[in-house]
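Undergrad: You'll find protein.txt just under this line, and it carries compact mmCIF, C-alpha atoms.
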```txt
# COMPACT_ATOMS: atom_id res chain seq x y z
CA MET K 621 20.40 -13.30 -3.38
CA LYS K 622 16.91 -13.70 -2.11
CA ALA K 623 15.69 -13.85 1.47
CA ARG K 624 12.26 -14.69 2.69
CA VAL K 625 10.80 -13.29 5.88
CA TYR K 626 7.93 -15.32 7.30
CA VAL K 627 5.79 -13.24 9.63
CA THR K 628 3.37 -15.09 11.89
CA LEU K 629 1.07 -14.02 14.69
CA LYS K 630 2.28 -14.93 18.15
CA ASN K 631 0.52 -17.71 19.99
CA GLY K 632 -2.50 -16.35 21.79
CA VAL K 633 -2.94 -13.36 19.49
CA LEU K 634 -6.39 -13.59 18.00
CA ASP K 635 -6.32 -14.29 14.26
CA PRO K 636 -9.78 -13.44 12.91
CA GLN K 637 -8.53 -13.95 9.35
CA GLY K 638 -7.34 -17.46 10.14
CA LYS K 639 -10.68 -18.16 11.80
CA ALA K 640 -12.60 -16.97 8.75
CA ILE K 641 -10.47 -19.17 6.48
CA HIS K 642 -11.06 -22.09 8.84
CA HIS K 643 -14.82 -21.59 8.66
CA ALA K 644 -14.72 -21.26 4.88
CA LEU K 645 -12.76 -24.49 4.53
CA GLN K 646 -15.24 -26.29 6.78
CA GLY K 647 -18.06 -24.80 4.71
CA LEU K 648 -16.48 -26.36 1.63
CA GLY K 649 -16.64 -29.73 3.32
CA PHE K 650 -12.95 -30.17 4.25
CA ALA K 651 -12.77 -32.16 7.46
CA GLY K 652 -10.03 -32.61 10.04
CA ILE K 653 -8.85 -29.01 10.28
CA ASN K 654 -8.00 -28.20 13.89
CA ASP K 655 -6.99 -24.59 13.42
CA VAL K 656 -5.86 -22.10 10.78
CA ARG K 657 -3.40 -19.27 11.32
CA ALA K 658 -2.68 -16.80 8.52
CA GLY K 659 0.66 -15.02 8.19
CA LYS K 660 2.70 -13.07 5.65
CA LEU K 661 5.61 -13.83 3.40
CA ILE K 662 7.90 -10.96 2.45
CA GLU K 663 10.50 -11.66 -0.26
CA LEU K 664 13.60 -9.50 -0.34
CA ASP K 665 15.94 -9.37 -3.32
CA LEU K 666 19.28 -8.37 -1.81
CA ASN K 667 22.85 -7.86 -2.86
CA ASP K 668 25.49 -10.06 -1.28
CA GLN K 669 26.69 -7.43 1.18
CA VAL K 670 23.46 -7.56 3.17
CA SER K 671 24.09 -9.59 6.31
CA ASP K 672 21.71 -11.67 8.42
CA ALA K 673 21.98 -8.99 11.08
CA ASP K 674 20.84 -6.39 8.53
CA ILE K 675 17.75 -8.43 7.66
CA GLU K 676 16.98 -8.91 11.30
CA ALA K 677 17.25 -5.15 11.84
CA MET K 678 14.78 -4.62 8.96
CA CYS K 679 12.38 -6.98 10.67
CA ARG K 680 12.64 -5.27 14.03
CA LYS K 681 12.43 -1.76 12.62
CA LEU K 682 9.60 -2.17 10.12
CA LEU K 683 8.63 -5.57 8.77
CA VAL K 684 7.44 -7.07 12.06
CA ASN K 685 5.53 -5.72 15.04
CA SER K 686 7.04 -7.64 17.93
CA VAL K 687 4.01 -6.95 20.13
CA ILE K 688 1.92 -9.33 18.06
CA GLU K 689 4.18 -11.08 15.55
CA ASN K 690 7.10 -13.51 15.29
CA PHE K 691 9.38 -13.86 12.28
CA ARG K 692 11.70 -16.33 10.67
CA ILE K 693 14.29 -15.47 8.03
CA GLU K 694 15.18 -17.93 5.28
CA ARG K 695 17.99 -17.12 2.88
CA GLU K 696 17.98 -18.76 -0.50
CA VAL K 697 21.01 -20.97 -0.86
CA PRO K 698 22.72 -20.32 -4.25
CA ALA K 699 22.57 -23.37 -6.51
CA MET C 1022 -2.85 26.61 22.32
CA LYS C 1023 -0.56 26.17 19.32
CA SER C 1024 -1.50 22.96 17.55
CA ALA C 1025 -0.46 20.99 14.48
CA VAL C 1026 -2.22 18.23 12.57
CA ILE C 1027 0.12 15.79 10.81
CA VAL C 1028 -0.92 14.83 7.28
CA PHE C 1029 0.14 11.52 5.74
CA PRO C 1030 -0.73 10.23 2.29
CA GLY C 1031 -4.09 8.57 2.96
CA SER C 1032 -5.04 10.62 6.02
CA ASN C 1033 -8.71 11.60 5.70
CA CYS C 1034 -9.70 13.01 9.09
CA ASP C 1035 -6.99 15.68 9.12
CA ARG C 1036 -9.33 18.52 8.15
CA ASP C 1037 -12.04 17.42 10.61
CA LEU C 1038 -9.47 17.45 13.39
CA ALA C 1039 -8.21 20.89 12.33
CA VAL C 1040 -11.78 22.29 12.20
CA ALA C 1041 -12.50 20.98 15.70
CA LEU C 1042 -9.24 22.42 17.08
CA GLU C 1043 -9.74 25.77 15.37
CA GLN C 1044 -13.38 26.09 16.46
CA VAL C 1045 -12.56 25.41 20.07
CA SER C 1046 -9.26 27.29 20.31
CA GLY C 1047 -10.05 30.19 17.97
CA SER C 1048 -6.54 29.98 16.55
CA LYS C 1049 -5.11 28.54 13.35
CA THR C 1050 -3.94 24.93 13.35
CA HIS C 1051 -0.76 24.14 11.40
CA MET C 1052 -1.12 21.38 8.83
CA VAL C 1053 2.22 19.55 8.67
CA TRP C 1054 3.02 17.23 5.75
CA HIS C 1055 4.71 14.02 6.83
CA ARG C 1056 7.87 14.72 4.83
CA ALA C 1057 8.53 17.92 6.73
CA GLY C 1058 11.65 17.31 8.79
CA GLU C 1059 10.71 19.71 11.54
CA LEU C 1060 7.58 20.69 13.42
CA PRO C 1061 6.63 24.36 13.87
CA ASP C 1062 8.28 25.91 16.96
CA GLY C 1063 6.46 26.15 20.25
CA LEU C 1064 3.72 23.57 19.68
CA ASP C 1065 1.47 22.67 22.61
CA LEU C 1066 -0.39 19.89 20.83
CA ILE C 1067 0.38 17.49 17.98
CA ALA C 1068 -2.65 15.70 16.55
CA VAL C 1069 -2.24 12.55 14.46
CA PRO C 1070 -5.43 12.08 12.45
CA GLY C 1071 -7.49 9.15 11.31
CA GLY C 1072 -7.54 7.71 7.82
CA PHE C 1073 -5.67 5.01 5.96
CA SER C 1074 -2.10 6.26 5.89
CA TYR C 1075 -0.10 4.54 3.13
CA GLY C 1076 -3.15 2.45 2.32
CA ASP C 1077 -2.71 0.48 5.57
CA TYR C 1078 0.09 -1.39 3.79
CA LEU C 1079 2.09 -3.92 5.85
CA ARG C 1080 0.17 -3.10 9.08
CA CYS C 1081 -2.08 -0.15 9.89
CA GLY C 1082 0.16 2.76 10.84
CA ALA C 1083 3.45 0.90 10.27
CA MET C 1084 4.64 3.05 7.37
CA ALA C 1085 3.57 6.35 8.92
CA ALA C 1086 5.30 5.38 12.17
CA ASN C 1087 8.58 5.33 10.24
CA SER C 1088 8.05 8.50 8.22
CA PRO C 1089 10.44 11.47 8.59
CA ILE C 1090 8.15 13.60 10.79
CA MET C 1091 7.83 10.83 13.39
CA ARG C 1092 11.32 11.45 14.79
CA SER C 1093 10.34 15.06 15.56
CA ILE C 1094 7.04 13.94 17.09
CA LYS C 1095 8.86 11.48 19.37
CA GLU C 1096 11.31 14.18 20.46
CA ALA C 1097 8.44 16.58 21.15
CA ALA C 1098 6.57 13.93 23.15
CA ASP C 1099 9.73 13.28 25.18
CA ARG C 1100 9.87 17.02 25.97
CA GLY C 1101 6.29 16.80 27.26
CA VAL C 1102 4.36 18.19 24.27
CA SER C 1103 0.85 16.71 24.21
CA VAL C 1104 0.14 14.24 21.42
CA LEU C 1105 -3.35 13.07 20.42
CA GLY C 1106 -3.83 10.14 18.05
CA VAL C 1107 -7.30 9.35 16.74
CA CYS C 1108 -8.13 6.09 14.96
CA ASN C 1109 -5.31 5.58 12.44
CA GLY C 1110 -3.46 8.12 14.58
CA PHE C 1111 -3.76 5.70 17.54
CA GLN C 1112 -2.48 2.87 15.34
CA ILE C 1113 0.47 5.05 14.26
CA LEU C 1114 1.36 5.96 17.87
CA THR C 1115 1.41 2.29 18.93
CA GLU C 1116 3.50 1.33 15.89
CA ALA C 1117 5.89 4.18 16.73
CA GLY C 1118 6.23 2.92 20.30
CA LEU C 1119 4.71 6.07 21.86
CA LEU C 1120 1.90 3.93 23.29
CA PRO C 1121 2.05 0.25 24.33
CA GLY C 1122 0.18 -2.61 22.66
CA ALA C 1123 -1.13 -2.98 19.12
CA LEU C 1124 -4.38 -2.66 17.19
CA ILE C 1125 -5.34 -5.71 15.17
CA ARG C 1126 -8.22 -6.69 12.91
CA ASN C 1127 -11.68 -6.43 14.51
CA ALA C 1128 -12.68 -9.73 16.07
CA GLU C 1129 -15.73 -10.14 13.82
CA LEU C 1130 -13.74 -9.05 10.75
CA ASN C 1131 -16.29 -6.32 9.98
CA PHE C 1132 -15.56 -2.68 9.39
CA VAL C 1133 -17.45 -1.07 12.29
CA CYS C 1134 -18.94 2.33 11.51
CA ARG C 1135 -21.46 3.62 14.06
CA ASP C 1136 -21.95 5.67 17.20
CA VAL C 1137 -20.81 3.82 20.32
CA PRO C 1138 -21.22 4.58 24.01
CA LEU C 1139 -17.94 4.97 25.90
CA ARG C 1140 -17.14 5.30 29.56
CA VAL C 1141 -14.66 7.96 30.61
CA GLU C 1142 -12.46 5.99 33.00
CA ASN C 1143 -10.05 8.73 34.00
CA SER C 1144 -10.96 12.41 34.10
CA GLN C 1145 -7.62 13.47 35.60
CA SER C 1146 -5.68 13.61 32.34
CA THR C 1147 -4.86 16.62 30.18
CA PHE C 1148 -7.24 15.18 27.60
CA THR C 1149 -10.23 14.26 29.74
CA SER C 1150 -10.38 16.93 32.46
CA HIS C 1151 -13.70 18.31 31.18
CA TYR C 1152 -15.41 14.94 31.64
CA ALA C 1153 -16.41 13.22 34.87
CA SER C 1154 -14.90 9.83 35.75
CA GLY C 1155 -17.47 7.15 35.05
CA GLU C 1156 -19.42 9.42 32.70
CA ASP C 1157 -20.87 7.86 29.55
CA VAL C 1158 -20.36 9.68 26.25
CA VAL C 1159 -21.09 8.74 22.65
CA PHE C 1160 -18.44 9.06 19.93
CA PRO C 1161 -18.56 7.53 16.44
CA VAL C 1162 -16.15 4.77 15.47
CA ALA C 1163 -15.14 3.90 11.92
CA HIS C 1164 -12.44 1.27 11.74
CA HIS C 1165 -11.47 -2.20 10.61
CA ASP C 1166 -8.49 -2.62 12.92
CA GLY C 1167 -9.45 -1.30 16.33
CA ASN C 1168 -9.08 -4.47 18.35
CA TYR C 1169 -6.64 -3.41 21.06
CA THR C 1170 -4.25 -6.09 22.20
CA ALA C 1171 -1.38 -6.21 24.69
CA ASP C 1172 0.04 -8.80 27.08
CA GLU C 1173 -1.73 -9.26 30.42
CA GLU C 1174 1.05 -7.52 32.32
CA THR C 1175 0.73 -4.40 30.14
CA LEU C 1176 -3.06 -4.44 30.46
CA ASP C 1177 -2.81 -4.73 34.26
CA ARG C 1178 -0.34 -1.87 34.35
CA LEU C 1179 -2.59 0.35 32.19
CA GLU C 1180 -5.55 -0.36 34.47
CA GLY C 1181 -3.56 0.02 37.68
CA GLU C 1182 -2.06 3.35 36.66
CA GLY C 1183 -5.36 4.80 35.47
CA ARG C 1184 -4.13 4.91 31.90
CA VAL C 1185 -7.30 3.52 30.33
CA ALA C 1186 -8.93 6.83 29.34
CA PHE C 1187 -11.98 5.48 27.49
CA ARG C 1188 -13.64 2.07 27.54
CA TYR C 1189 -16.41 0.74 25.28
CA CYS C 1190 -19.64 0.18 27.23
CA ALA C 1191 -20.36 -2.87 25.05
CA LYS C 1192 -18.39 -5.14 22.71
CA VAL C 1193 -17.39 -3.21 19.58
CA ASN C 1194 -14.33 -4.81 18.03
CA GLY C 1195 -12.98 -7.43 20.41
CA SER C 1196 -10.61 -5.04 22.22
CA ALA C 1197 -8.90 -6.46 25.28
CA ARG C 1198 -10.89 -5.34 28.33
CA ASP C 1199 -13.00 -3.19 25.98
CA ILE C 1200 -10.25 -0.59 25.84
CA ALA C 1201 -11.05 2.30 23.46
CA GLY C 1202 -8.29 4.74 24.40
CA ILE C 1203 -5.10 4.79 26.47
CA ILE C 1204 -2.61 7.30 27.86
CA ASN C 1205 1.18 6.90 28.01
CA ASP C 1206 3.10 6.66 31.27
CA LYS C 1207 3.98 10.39 31.33
CA GLY C 1208 0.34 11.35 30.70
CA ASN C 1209 0.99 13.50 27.63
CA VAL C 1210 0.05 11.06 24.85
CA LEU C 1211 -3.52 9.82 24.25
CA GLY C 1212 -4.56 7.38 21.55
CA LEU C 1213 -8.17 6.40 20.95
CA MET C 1214 -10.08 4.65 18.19
CA PRO C 1215 -13.37 6.64 18.43
CA HIS C 1216 -13.55 10.06 16.79
CA PRO C 1217 -14.15 13.00 19.18
CA GLU C 1218 -13.62 15.47 16.31
CA ARG C 1219 -16.77 14.17 14.59
CA VAL C 1220 -19.04 15.24 17.47
CA VAL C 1221 -18.15 18.83 18.29
CA GLU C 1222 -21.09 20.93 17.08
CA PRO C 1223 -24.89 20.59 17.16
CA ALA C 1224 -24.99 20.00 13.39
CA HIS C 1225 -23.05 16.77 14.01
CA GLY C 1226 -25.99 15.51 16.05
CA ARG C 1227 -23.91 15.32 19.23
CA THR C 1228 -21.29 17.44 20.93
CA ASP C 1229 -19.73 14.92 23.34
CA GLY C 1230 -16.31 15.25 21.68
CA ARG C 1231 -16.09 18.99 22.10
CA ARG C 1232 -15.10 18.79 25.77
CA LEU C 1233 -11.98 16.83 24.90
CA PHE C 1234 -10.72 19.80 22.88
CA GLU C 1235 -11.99 22.31 25.45
CA GLY C 1236 -10.12 20.41 28.16
CA LEU C 1237 -6.94 20.54 26.07
CA LEU C 1238 -7.38 24.27 25.51
CA ASN C 1239 -7.89 24.78 29.22
CA ALA C 1240 -4.81 22.72 30.10
CA LEU C 1241 -2.51 24.00 27.38
CA GLY C 1242 -3.62 27.64 27.19
```
When written as structure tokens, how does the structure in this file appear?
TA:
Amino acid sequence: MKARVYVTLKNGVLDPQGKAIHHALQGLGFAGINDVRAGKLIELDLNDQVSDADIEAMCRKLLVNSVIENFRIEREVPA
Amino acid sequence: MKSAVIVFPGSNCDRDLAVALEQVSGSKTHMVWHRAGELPDGLDLIAVPGGFSYGDYLRCGAMAANSPIMRSIKEAADRGVSVLGVCNGFQILTEAGLLPGALIRNAELNFVCRDVPLRVENSQSTFTSHYASGEDVVFPVAHHDGNYTADEETLDRLEGEGRVAFRYCAKVNGSARDIAGIINDKGNVLGLMPHPERVVEPAHGRTDGRRLFEGLLNALG
């Protein structure tokens, strides 16, 4: 079973990387971009015993810094 | 003063910090590998050095903050042992929750490596007693992620309680309120991005950092 953890910067936390990407896209001539925020995707390959609460604990303990980041967990639904 | 420098894979200012401590104190500093479960007995000071622990993977300091030695460092800090974190050491202490806030990528995205003027904002701490409040000193910085950030309430509390130890005299990395170094609520943990250990002897070109270690020696014996 796979789970994906999406880590994003909280609103208001400066994202210099997103800004640089924004400028680069504008430099390439892409119009209509209001803002760019860059985040992280962490893929976990887990056995079936790992609960949602376990994944959340992983996020709080290591994967995410709650001072500056938010997260969202997405579990892959078996086909 | 019995001191220890913690060494993580990727630390690179550990020896500089040990040299500064040994020169000033005249006694041997213990080098403690991060996998050691326990710290030496009777420490007065734990120094967490600069560098790029674990290659800055995930977030700067995040891996080191969860390494085995960190539990012992937290317990020692709770007992009142002084803890100094420089550069990556500051990042590790915030990630470990020993200091509030976080250090994010420099606002201009550049790695900043130069001497910067700092203002000593509080000379009442264990770490800054040999400086005068409001005094300007020059320490080198060398970092990519030194942009201090915290919510407004935390920043107000730090300012109100005199816990901003050092402030940049000019914009360096985008830090909130130009904060360069902060102290915890009990007053026994200091984290700062600039490197006092790189300016301790005339051969370094400056000696402004030496008084930080002399102040510690004076306070801790």
Undergrad: Taking all atoms listed in the file into account, find every residue of chain K that has an atom no more than 9 Å from chain C, and write it out as a list in words.
TA: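 Per the criterion, chain K yields Val633, Leu634, Asp635, Pro636, Gln637, Ala640, Lys681, Leu682, Leu683, Val684, Asn685, Val687 and Ile688 of chain K.
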Undergrad: Restricting the calculation to all atoms listed in the file, which member of C:Ile1027, C:Met1052, C:Leu1064, C:Ala1201 is positioned closest to C:Gly1242?
TA: C:Leu1064
Undergrad: Which residues are near K:Gly659? Cut-off 7 Å, all atoms listed in the file, ignore same chain within fewer than 3 positions. Put them as a list in words.
TA: Val627, Thr628 and Leu629 of chain K
Undergrad: For the atom pair atom CA of C:Pro1061 and atom CA of C:Ser1024, what is the interatomic distance in Å to one decimal place?
TA: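 Atom-to-atom, atom CA of C:Pro1061 and atom CA of C:Ser1024 are spaced 9.0 Å apart.
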Undergrad: Taking into account all atoms listed in the file, which residue in the set C:Asn1143, C:Gln1112, C:Ser1046, C:Asn1033 is nearest to C:Arg1188?
TA: C:Asn1143
Undergrad: Could you list, as a list in words, every residue within 7 Å of K:His642, counting only C-alpha atoms and ignoring same-chain residues fewer than 4 positions away?
TA: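 The contact residues come out as Gly638, Gln646, Asp655 and Val656 of chain K.
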